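Source file: model.cif (mmCIF, C-alpha atoms)
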```cif
data_protein
#
loop_
_atom_site.label_atom_id
_atom_site.label_comp_id
_atom_site.auth_asym_id
_atom_site.auth_seq_id
_atom_site.Cartn_x
_atom_site.Cartn_y
_atom_site.Cartn_z
CA ARG I 294 0.00 0.00 0.00
CA TRP I 295 2.87 2.38 0.73
CA ILE I 296 4.95 1.57 -2.35
CA ALA I 297 2.21 1.12 -5.00
CA PRO I 298 1.08 4.77 -5.19
CA ARG I 299 4.67 5.89 -5.72
CA LEU I 300 5.17 3.50 -8.65
CA ALA I 301 1.84 4.09 -10.41
CA GLY I 302 2.37 4.86 -14.05
CA SER I 303 6.12 4.21 -13.81
CA PRO I 304 7.84 2.30 -16.68
CA LEU I 305 9.34 0.18 -13.95
CA VAL I 306 5.94 -1.44 -13.32
CA SER I 307 5.61 -2.56 -16.94
CA TRP I 308 9.15 -3.92 -16.91
CA LEU I 309 8.59 -5.85 -13.69
CA ALA I 310 5.30 -7.29 -15.02
CA LEU I 311 7.06 -8.54 -18.13
CA LEU I 312 9.85 -10.02 -16.06
CA SER I 313 7.36 -11.70 -13.73
CA SER I 314 5.43 -13.26 -16.58
CA THR I 315 8.53 -14.76 -18.14
CA CYS I 316 10.24 -15.86 -14.90
CA ARG I 317 7.38 -17.15 -12.76
CA THR I 318 9.62 -19.75 -11.16
CA ILE I 319 11.75 -17.02 -9.50
CA PRO I 320 10.43 -15.44 -6.27
CA MET I 321 10.14 -11.76 -7.21
CA ALA I 322 9.05 -10.23 -3.90
CA PRO I 323 12.58 -9.63 -2.54
CA ILE I 324 13.79 -8.25 -5.85
CA ILE I 325 10.85 -5.88 -6.20
CA ALA I 326 11.25 -4.64 -2.63
CA ALA I 327 14.95 -3.95 -3.09
CA LEU I 328 14.40 -2.10 -6.36
CA CYS I 329 11.60 -0.01 -4.94
CA LEU I 330 13.61 1.00 -1.89
CA SER I 331 16.56 1.99 -4.07
CA PHE I 332 14.35 4.42 -5.97
CA VAL I 333 12.41 5.78 -3.01
CA LEU I 334 14.93 6.14 -0.20
CA PRO I 335 17.31 9.17 -0.36
CA LEU I 336 21.02 8.66 -0.91
CA PRO I 337 23.46 9.08 2.03
CA LEU I 338 24.91 12.55 2.37
CA ASP I 339 28.46 11.70 1.24
CA THR I 340 27.21 9.49 -1.63
CA ALA I 341 24.86 12.19 -2.84
CA ARG I 342 27.65 14.75 -2.69
CA HIS I 343 29.97 12.61 -4.81
CA ALA I 344 27.11 11.80 -7.21
CA ARG I 345 26.67 15.51 -7.83
CA GLY I 346 30.39 15.84 -8.57
CA ALA I 347 31.18 17.89 -5.44
CA ALA I 348 34.66 17.93 -3.92
CA PRO I 349 35.39 15.33 -1.19
CA ALA I 350 35.76 16.33 2.44
CA PRO I 351 38.98 18.27 3.34
CA ALA I 352 40.14 15.48 5.68
CA LEU I 353 39.93 12.96 2.86
CA MET I 354 41.81 15.27 0.52
CA GLU I 355 44.59 15.79 3.09
CA ALA I 356 44.93 12.06 3.72
CA ALA I 357 45.09 11.38 -0.01
CA ALA I 358 47.67 14.14 -0.57
CA THR I 359 50.03 12.90 2.18
CA THR I 360 52.48 10.43 0.68
CA TYR I 361 55.42 9.12 2.67
CA ARG I 362 58.19 8.06 0.35
CA LEU I 363 61.58 6.67 1.39
CA ASN I 364 64.15 6.08 -1.36
CA ASN I 365 61.31 5.68 -3.90
CA TYR I 366 59.40 3.27 -1.65
CA LEU I 367 55.94 4.22 -0.43
CA LEU I 368 55.48 4.03 3.34
CA PRO I 369 52.13 3.50 5.11
CA ALA I 370 53.09 5.99 7.85
CA PRO I 371 55.72 8.66 8.66
CA LEU I 372 59.29 7.57 9.33
CA THR I 373 59.88 7.34 13.10
CA PRO I 374 63.49 7.20 14.39
CA ARG I 375 64.26 4.71 17.16
CA ASN I 376 66.39 5.11 20.29
CA ASN I 377 68.71 8.14 19.97
CA MET I 378 68.58 8.39 16.18
CA VAL I 379 67.87 11.78 14.61
CA LEU I 380 66.48 12.43 11.13
CA VAL I 381 67.96 15.68 9.78
CA LYS I 382 66.79 17.38 6.60
CA LEU I 383 70.02 18.75 5.17
CA ARG I 384 69.98 22.29 3.87
CA LYS I 385 70.56 22.63 0.15
CA SER I 386 73.84 24.44 -0.35
CA GLU I 387 77.02 24.51 -2.32
CA GLU I 388 79.90 22.47 -1.02
CA GLY I 389 81.52 24.05 2.03
CA GLU I 390 78.92 26.76 2.54
CA THR I 391 75.81 27.31 4.59
CA SER I 392 73.35 30.17 4.76
CA ARG I 393 73.42 33.39 6.74
CA GLY I 394 77.12 33.80 7.33
CA LEU I 395 78.39 30.40 8.46
CA VAL I 396 81.28 28.90 6.50
CA LEU I 397 82.43 25.40 7.32
CA ALA I 398 86.17 25.14 6.95
CA ALA I 399 87.85 21.99 5.69
CA SER I 400 88.65 19.61 8.51
CA GLN I 401 88.82 15.94 9.38
CA ARG I 402 85.13 16.03 10.29
CA LYS I 403 82.62 17.19 7.68
CA ILE I 404 79.85 19.29 9.20
CA ARG I 405 76.46 19.97 7.63
CA ASP I 406 73.54 22.05 8.83
CA GLY I 407 69.85 21.29 8.60
CA GLU I 408 66.55 20.97 10.41
CA VAL I 409 65.52 18.05 12.60
CA ALA I 410 62.56 16.31 10.93
CA ALA I 411 62.12 13.70 13.67
CA ALA I 412 64.01 12.33 16.66
CA GLY I 413 63.84 9.16 18.71
CA PRO I 414 63.03 9.14 22.44
CA GLY I 415 66.59 8.31 23.56
CA LEU I 416 68.68 5.41 24.78
CA THR I 417 68.13 3.34 27.89
CA HIS I 418 71.26 3.07 30.02
CA PRO I 419 72.25 -0.62 30.14
CA GLU I 420 73.06 -0.59 33.87
CA SER I 421 70.68 1.88 35.50
CA GLY I 422 67.77 1.40 33.09
CA GLN I 423 67.39 5.20 33.02
CA LEU I 424 66.23 6.74 29.76
CA LEU I 425 68.85 9.12 28.36
CA PRO I 426 66.68 11.46 26.28
CA THR I 427 67.72 12.68 22.85
CA GLY I 428 69.12 16.19 23.10
CA VAL I 429 67.25 17.65 20.11
CA GLY I 430 63.70 17.61 18.81
CA ALA I 431 61.73 18.17 15.63
CA GLY I 432 62.10 21.70 14.32
CA ASP I 433 65.54 22.37 15.84
CA HIS I 434 68.12 23.82 13.47
CA VAL I 435 71.32 21.85 14.02
CA LEU I 436 74.88 21.36 12.87
CA CYS I 437 75.84 17.72 12.54
CA GLU I 438 78.89 15.67 11.68
CA GLU I 439 78.67 13.43 8.65
CA ILE I 440 80.62 10.24 9.25
CA VAL I 441 80.70 7.92 6.24
CA MET I 442 80.67 4.76 8.35
CA GLU I 443 77.97 6.00 10.73
CA GLY I 444 74.37 6.87 10.02
CA GLU I 445 72.64 6.69 6.66
CA ALA I 446 72.01 9.15 3.82
CA ILE I 447 68.41 8.78 2.63
CA ASP I 448 65.92 10.45 0.33
CA TYR I 449 62.74 11.11 2.32
CA LEU I 450 59.70 13.00 1.02
CA GLY I 451 61.74 14.04 -1.99
CA GLU I 452 64.45 15.74 0.10
CA LYS I 453 67.97 14.75 1.15
CA HIS I 454 68.10 13.64 4.78
CA ARG I 455 70.64 12.09 7.11
CA MET I 456 69.79 9.56 9.80
CA LEU I 457 72.44 9.67 12.53
CA PRO I 458 72.81 9.27 16.30
CA ASP I 459 72.38 12.37 18.45
CA SER I 460 76.04 12.10 19.46
CA ARG I 461 76.85 13.48 15.98
CA VAL I 462 74.80 16.63 16.53
CA VAL I 463 77.44 19.31 17.12
CA ALA I 464 75.16 22.14 18.18
CA THR I 465 71.78 23.77 17.84
CA LEU I 466 71.38 27.28 16.45
CA GLU I 467 68.99 29.40 18.48
CA GLY I 468 66.26 30.79 16.25
CA GLY I 469 67.96 29.23 13.24
CA VAL I 470 70.41 32.15 13.18
CA MET I 471 74.01 31.20 12.47
CA SER I 472 76.42 33.12 14.64
CA ALA I 473 78.72 32.58 17.59
CA ALA I 474 76.10 34.19 19.86
CA THR I 475 73.37 31.69 18.89
CA PHE I 476 75.64 28.64 18.81
CA LYS I 477 74.59 26.15 21.53
CA PRO I 478 77.08 23.24 21.74
CA SER I 479 75.75 19.75 22.38
CA GLY I 480 76.91 17.43 25.15
CA GLU I 481 80.43 18.17 26.38
CA ARG I 482 81.47 20.27 23.39
CA LEU I 483 82.99 23.74 23.54
CA LEU I 484 83.06 26.57 21.03
CA VAL I 485 86.55 28.09 21.13
CA ARG I 486 87.45 31.36 19.42
CA LEU I 487 90.97 31.26 18.02
CA PRO I 488 93.29 34.28 18.11
CA LYS I 489 93.84 36.15 14.84
CA ALA I 490 97.53 36.81 15.41
CA VAL I 491 99.84 36.98 18.41
CA GLU I 492 97.52 38.22 21.14
CA GLU I 493 98.01 38.88 24.82
CA THR I 494 95.37 37.89 27.35
CA ALA I 495 94.34 39.99 30.35
CA SER I 496 96.79 38.01 32.48
CA GLY I 497 99.66 38.83 30.11
CA ILE I 498 99.95 35.43 28.39
CA ALA I 499 100.68 35.64 24.66
CA LEU I 500 98.54 33.50 22.33
CA ALA I 501 100.03 32.46 19.01
CA GLY I 502 97.73 33.20 16.08
CA LEU I 503 97.65 31.81 12.55
CA GLY I 504 101.24 31.36 11.45
CA ASP I 505 102.89 31.36 8.04
CA SER I 506 102.39 27.61 7.78
CA GLY I 507 98.62 28.10 7.72
CA GLU I 508 98.07 25.90 10.73
CA LEU I 509 95.44 27.05 13.18
CA PRO I 510 96.47 27.70 16.77
CA SER I 511 95.73 25.02 19.34
CA GLN I 512 94.45 27.41 22.02
CA GLY I 513 91.80 30.06 22.38
CA GLU I 514 88.98 31.54 24.41
CA VAL I 515 85.92 29.50 25.28
CA VAL I 516 82.84 31.25 23.89
CA ALA I 517 80.11 28.68 24.65
CA VAL I 518 79.86 25.34 26.43
CA GLY I 519 77.40 22.47 26.19
CA PRO I 520 75.22 21.20 29.06
CA GLY I 521 77.59 18.29 29.74
CA GLN I 522 77.51 14.59 29.04
CA LEU I 523 74.58 12.52 30.35
CA ASN I 524 75.43 10.06 33.12
CA ALA I 525 73.71 6.82 34.14
CA ARG I 526 71.08 8.75 36.12
CA GLY I 527 70.10 10.80 33.08
CA GLU I 528 71.71 13.94 34.53
CA HIS I 529 74.30 16.19 32.89
CA ASN I 530 77.80 15.99 34.33
CA PRO I 531 79.21 19.45 35.17
CA MET I 532 81.46 20.99 32.55
CA PRO I 533 85.12 21.46 33.60
CA VAL I 534 85.45 24.80 31.76
CA ALA I 535 83.28 27.90 31.44
CA PRO I 536 82.84 30.70 28.91
CA GLY I 537 85.57 33.32 29.21
CA GLU I 538 88.29 30.82 30.15
CA PHE I 539 91.18 29.92 27.85
CA VAL I 540 92.06 26.34 26.89
CA VAL I 541 94.81 24.43 25.11
CA PHE I 542 93.91 21.37 23.04
CA GLY I 543 95.56 18.98 20.60
CA ARG I 544 96.53 20.34 17.19
CA TYR I 545 94.21 17.97 15.34
CA ALA I 546 91.36 18.12 17.82
CA GLY I 547 87.95 19.49 16.96
CA SER I 548 86.19 20.82 13.88
CA GLU I 549 86.85 24.20 12.31
CA LEU I 550 84.14 26.83 11.89
CA ASP I 551 84.09 30.33 10.46
CA PHE I 552 81.13 32.64 11.12
CA GLU I 553 82.57 35.39 8.90
CA ASP I 554 82.90 37.74 11.88
CA GLY I 555 86.65 38.10 11.50
CA PHE I 556 87.50 35.15 13.77
CA LYS I 557 88.06 31.45 13.30
CA TYR I 558 86.56 28.93 15.69
CA LYS I 559 86.91 25.32 16.68
CA VAL I 560 84.41 22.97 18.27
CA VAL I 561 86.23 20.61 20.63
CA PHE I 562 85.24 18.17 23.34
CA ALA I 563 86.03 19.12 26.91
CA ARG I 564 88.04 15.91 27.23
CA GLU I 565 90.28 17.10 24.36
CA CYS I 566 91.40 20.13 26.36
CA LEU I 567 94.86 19.64 27.83
CA ALA I 568 94.90 22.68 30.16
CA LYS I 569 93.02 25.87 30.94
CA TRP I 570 93.58 29.23 32.62
#
```
Target encoding structure tokens, full file:
Amino acid sequence: RWIAPRLAGSPLVSWLALLSSTCRTIPMAPIIAALCLSFVLPLPLDTARHARGAAPAPALMEAAATTYRLNNYLLPAPLTPRNNMVLVKLRKSEEGETSRGLVLAASQRKIRDGEVAAAGPGLTHPESGQLLPTGVGAGDHVLCEEIVMEGEAIDYLGEKHRMLPDSRVVATLEGGVMSAATFKPSGERLLVRLPKAVEETASGIALAGLGDSGELPSQGEVVAVGPGQLNARGEHNPMPVAPGEFVVFGRYAGSELDFEDGFKYKVVFARECLAKW
């Protein structure tokens, strides 16, 4: 009674009558009910929207547009570093240069700068069981050492990245600005400003500058210090030197930096310092 008035005069009735007369052995009630409901009941909201050719929901468009690709392989989810590994998106630059005034001098350790794309939670100390958290996080602008035998160069999301342990992160740059003032050393590293020529400190000690041989001096003034190395309790050990002090280190220790401010710098570990004053 409810369906018949809505189908009166419809070509569907004639078609169903013909089908019923030729296929009397087939029970037609379920088929007729399903067909009638499909014509009478309204379409779901999303189905009707797509039937009209409207754009899909923004959330669906965003999900469809997000593609995680690693070395030309599609990933079902974003890349997540484990333990103390750090994924760094390397800045595009010419060899030996970085942006905004920082020049990386040739040294035994090749240093690159970039932005942290993702970082692992840290390492668990094997004896204490204490988590030693990773010292950097996503969004930090960092300088890192590229060691051929350590870490992995990868192509992620169409960009060059480097996966390496946080121990290879030399420093973070506050605000992404590259200068000695914004340079924050990692771990037990120091930023040491080298003398230009023969200089005399406030205490009257002469510092040898860059000589005719081109070798950099192995002493200088500490400009910035890191927080210290993490111990088994997850705490930073105190640093043995402080900014403003002068140190002597091995000739081949550290990595050379030049911020184009008229000085040359070296990043050295506190344990590489032989003496201070």
For this session: Give as a ChimeraX atom specification the residues that the PyMOL selection byres ((chain I and resi 425) around 6) matches when applied to the coordinates above.
Result: /I:415-417,424,426,527
Might you spell out which residues the PyMOL selection byres ((chain I and resi 382) around 9) would select in the displayed file, as a PDB file with C-alpha atoms, keeping the file's coordinate frame?
```pdb
ATOM      1  CA  LEU I 380      66.480  12.430  11.130  1.00  0.00           C
ATOM      2  CA  VAL I 381      67.960  15.680   9.780  1.00  0.00           C
ATOM      3  CA  LEU I 383      70.020  18.750   5.170  1.00  0.00           C
ATOM      4  CA  ARG I 384      69.980  22.290   3.870  1.00  0.00           C
ATOM      5  CA  ASP I 406      73.540  22.050   8.830  1.00  0.00           C
ATOM      6  CA  GLY I 407      69.850  21.290   8.600  1.00  0.00           C
ATOM      7  CA  GLU I 408      66.550  20.970  10.410  1.00  0.00           C
ATOM      8  CA  VAL I 409      65.520  18.050  12.600  1.00  0.00           C
ATOM      9  CA  ALA I 410      62.560  16.310  10.930  1.00  0.00           C
ATOM     10  CA  TYR I 449      62.740  11.110   2.320  1.00  0.00           C
ATOM     11  CA  GLU I 452      64.450  15.740   0.100  1.00  0.00           C
ATOM     12  CA  LYS I 453      67.970  14.750   1.150  1.00  0.00           C
ATOM     13  CA  HIS I 454      68.100  13.640   4.780  1.00  0.00           C
ATOM     14  CA  ARG I 455      70.640  12.090   7.110  1.00  0.00           C
ATOM     15  CA  MET I 456      69.790   9.560   9.800  1.00  0.00           C
TER      16      MET I 456
END
```
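Evaluated against the shown file, the PyMOL selection byres ((chain I and resi 537-554) around 6) gives I:Gly394, I:Leu395, I:Val396, I:Leu397, I:Ala398, I:Ser472, I:Ser511, I:Gln512, I:Gly513, I:Glu514, I:Val515, I:Ala535, I:Pro536, I:Gly555, I:Phe556, I:Lys557, I:Tyr558, I:Lys559, I:Val560, I:Val561, I:Glu565, I:Cys566, I:Leu567, I:Ala568, I:Lys569, I:Trp570.
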Any chance you could tabulate, as a tab-separated table, the residues of range 402-497 of chain I at most 8 Å from range 358-372 of chain I with each one's nearest atom pair and distance in Å to one decimal, using only C-alpha atoms, in chain and rising number order?
```
residue	atom	partner	partner_atom	distance
I:Ile447	CA	I:Asn364	CA	6.4
I:Asp448	CA	I:Asn364	CA	5.0
I:Tyr449	CA	I:Leu363	CA	4.7
I:Leu450	CA	I:Arg362	CA	5.2
I:Gly451	CA	I:Arg362	CA	7.3
```
For this session: Kindly provide, as a PyMOL selection string, the polymer residues lying within 10 Å of (64.6, 5.5, 19.3), counting all atoms listed in the file and using the coordinates exactly as they appear in the file.
Result: chain I and resi 373-379+412-417+426-427+458
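The interatomic distance for the pair CA of His529 in chain I and CA of Glu467 in chain I works out to 20.3 Å.
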Exercise. Mind pulling up the distance from CA of Val435 in chain I to CA of Pro488 in chain I?
Worked result: 25.6 Å
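In this model, the gap between CA of Pro520 in chain I and CA of Lys489 in chain I comes to 27.8 Å.
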Find the smallest box with edges along x, y and z containing every listed atom of range 427-431 of chain I, then add 3 Å on each side and report centre and edge lengths in Å to one decimal, as lines of an AutoDock Vina configuration file.
```
center_x = 65.4
center_y = 15.4
center_z = 19.4
size_x = 13.4
size_y = 11.5
size_z = 13.5
```
